[in-house]
Amino acid sequence: MTILPFLTAGWIFLVGVYGMVTSRDIIHAVGCLAVAQSSTYVLLLTVGYRRGGIAPYFTDTPLRTRTVDPVVQALALTDVVVGATVTALLLALAVQIRKRHGTVDPDALTGLKG
């Protein structure tokens, strides 16, 4: 197994985190969070990959045949759905912040008001 996919996942994560730390806009921070979260797709698919493996759902597959791990594939699919849901929720909150406060700059937002 090569280390390149793990390094790629780490690089994607660091790019997303750097974008979140340096962001001056809530919308940009949500986008960077989505980028950082997408590194988990690469990581999960790297863990579940088997060279020469086939899909495990065929019933006529002989025993001792190399197959890819279906659990990791299901986790990656679940990760995509959760990531899309969280991104949509955060963008809806950003729209509400823009309506109430007139800005999406985190530094311009004040504390909670009763």
# chains A, B, ... in the order shown; residues from 1 in each chain; ligands from 1

$ residues_around --residues "Gln73 (chain A)" --least-positions-apart "2" --cutoff "8 Å" --atoms "only C-alpha atoms" --output "VMD selection string"
chain A and resid 44 to 45 48 69 to 71 75 to 77

$ write_last_selection --atoms "N, CA and C atoms" --output "short mmCIF file (atom, residue, chain, number, x, y, z; two decimals), in the first residue's frame"
data_model
loop_
_atom_site.label_atom_id
_atom_site.label_comp_id
_atom_site.auth_asym_id
_atom_site.auth_seq_id
_atom_site.Cartn_x
_atom_site.Cartn_y
_atom_site.Cartn_z
N LEU A 44 -11.25 7.44 3.60
CA LEU A 44 -12.06 6.23 3.67
C LEU A 44 -11.89 5.35 2.44
N LEU A 45 -11.86 5.95 1.28
CA LEU A 45 -11.69 5.15 0.06
C LEU A 45 -10.30 4.54 -0.02
N GLY A 48 -10.39 1.42 2.27
CA GLY A 48 -11.17 0.31 1.74
C GLY A 48 -10.70 -0.25 0.42
N ASP A 69 -13.82 -3.62 0.53
CA ASP A 69 -14.61 -3.63 1.76
C ASP A 69 -15.89 -2.81 1.56
N PRO A 70 -17.06 -3.42 1.62
CA PRO A 70 -18.29 -2.67 1.39
C PRO A 70 -18.67 -1.76 2.56
N VAL A 71 -18.18 -2.06 3.75
CA VAL A 71 -18.49 -1.21 4.91
C VAL A 71 -17.86 0.17 4.75
N LEU A 75 -19.66 3.79 4.53
CA LEU A 75 -19.28 4.91 5.38
C LEU A 75 -18.95 6.15 4.54
N ALA A 76 -18.28 5.96 3.41
CA ALA A 76 -17.98 7.10 2.54
C ALA A 76 -19.26 7.72 1.98
N LEU A 77 -20.21 6.89 1.59
CA LEU A 77 -21.48 7.41 1.09
C LEU A 77 -22.23 8.16 2.19
#

$ residues_around --residues "region 89-99 of chain A" --least-positions-apart "3" --cutoff "8 Å" --atoms "only C-alpha atoms" --output "JSON, numbers by chain"
{"A": [26, 27, 30, 85, 86, 102, 103, 104]}

$ residues_around --residues "Pro106 (chain A)" --least-positions-apart "5" --cutoff "10 Å" --atoms "only C-alpha atoms" --output "PDB file with all heavy atoms, in the first residue's frame"
ATOM      1  N   SER A  23     -10.232  32.841   7.025  1.00  0.00           N
ATOM      2  CA  SER A  23     -11.439  33.346   6.382  1.00  0.00           C
ATOM      3  C   SER A  23     -11.955  34.604   7.071  1.00  0.00           C
ATOM      4  O   SER A  23     -11.971  34.709   8.290  1.00  0.00           O
ATOM      5  CB  SER A  23     -12.527  32.269   6.415  1.00  0.00           C
ATOM      6  OG  SER A  23     -13.712  32.771   5.878  1.00  0.00           O
ATOM      7  N   ARG A  24     -12.421  35.550   6.280  1.00  0.00           N
ATOM      8  CA  ARG A  24     -13.059  36.762   6.780  1.00  0.00           C
ATOM      9  C   ARG A  24     -14.505  36.840   6.322  1.00  0.00           C
ATOM     10  O   ARG A  24     -15.088  37.912   6.256  1.00  0.00           O
ATOM     11  CB  ARG A  24     -12.301  37.999   6.295  1.00  0.00           C
ATOM     12  CG  ARG A  24     -10.937  38.114   6.852  1.00  0.00           C
ATOM     13  CD  ARG A  24     -11.004  38.442   8.340  1.00  0.00           C
ATOM     14  NE  ARG A  24      -9.725  38.195   8.977  1.00  0.00           N
ATOM     15  CZ  ARG A  24      -9.578  37.466  10.060  1.00  0.00           C
ATOM     16  NH1 ARG A  24     -10.594  36.914  10.644  1.00  0.00           N
ATOM     17  NH2 ARG A  24      -8.385  37.296  10.572  1.00  0.00           N
ATOM     18  N   ASP A  25     -15.070  35.687   6.022  1.00  0.00           N
ATOM     19  CA  ASP A  25     -16.437  35.613   5.531  1.00  0.00           C
ATOM     20  C   ASP A  25     -17.016  34.267   5.969  1.00  0.00           C
ATOM     21  O   ASP A  25     -16.360  33.233   5.832  1.00  0.00           O
ATOM     22  CB  ASP A  25     -16.427  35.720   4.003  1.00  0.00           C
ATOM     23  CG  ASP A  25     -17.796  35.864   3.397  1.00  0.00           C
ATOM     24  OD1 ASP A  25     -18.789  35.856   4.142  1.00  0.00           O
ATOM     25  OD2 ASP A  25     -17.878  35.993   2.169  1.00  0.00           O
ATOM     26  N   ILE A  26     -18.215  34.274   6.494  1.00  0.00           N
ATOM     27  CA  ILE A  26     -18.832  33.030   6.972  1.00  0.00           C
ATOM     28  C   ILE A  26     -19.072  32.064   5.823  1.00  0.00           C
ATOM     29  O   ILE A  26     -18.868  30.854   5.961  1.00  0.00           O
ATOM     30  CB  ILE A  26     -20.132  33.340   7.740  1.00  0.00           C
ATOM     31  CG1 ILE A  26     -19.801  34.073   9.037  1.00  0.00           C
ATOM     32  CG2 ILE A  26     -20.911  32.069   8.023  1.00  0.00           C
ATOM     33  CD1 ILE A  26     -21.000  34.497   9.841  1.00  0.00           C
ATOM     34  N   ALA A  29     -15.901  30.383   5.018  1.00  0.00           N
ATOM     35  CA  ALA A  29     -15.561  29.410   6.062  1.00  0.00           C
ATOM     36  C   ALA A  29     -16.359  28.120   5.894  1.00  0.00           C
ATOM     37  O   ALA A  29     -15.824  27.024   6.096  1.00  0.00           O
ATOM     38  CB  ALA A  29     -15.811  30.011   7.437  1.00  0.00           C
TER      39      ALA A  29
END

$ closest_residue --among "A:Thr40, A:Thr78, A:Thr46, A:Thr22" --to "Thr2 (chain A)" --atoms "only C-alpha atoms"
A:Thr46

$ atom_distance --atom1 "CA of Ile12 (chain A)" --atom2 "CA of Val81 (chain A)"
18.9 Å

$ closest_residue --among "A:Leu63, A:Tyr57, A:Ala108, A:Gly16" --to "Val35 (chain A)" --atoms "only C-alpha atoms"
A:Gly16
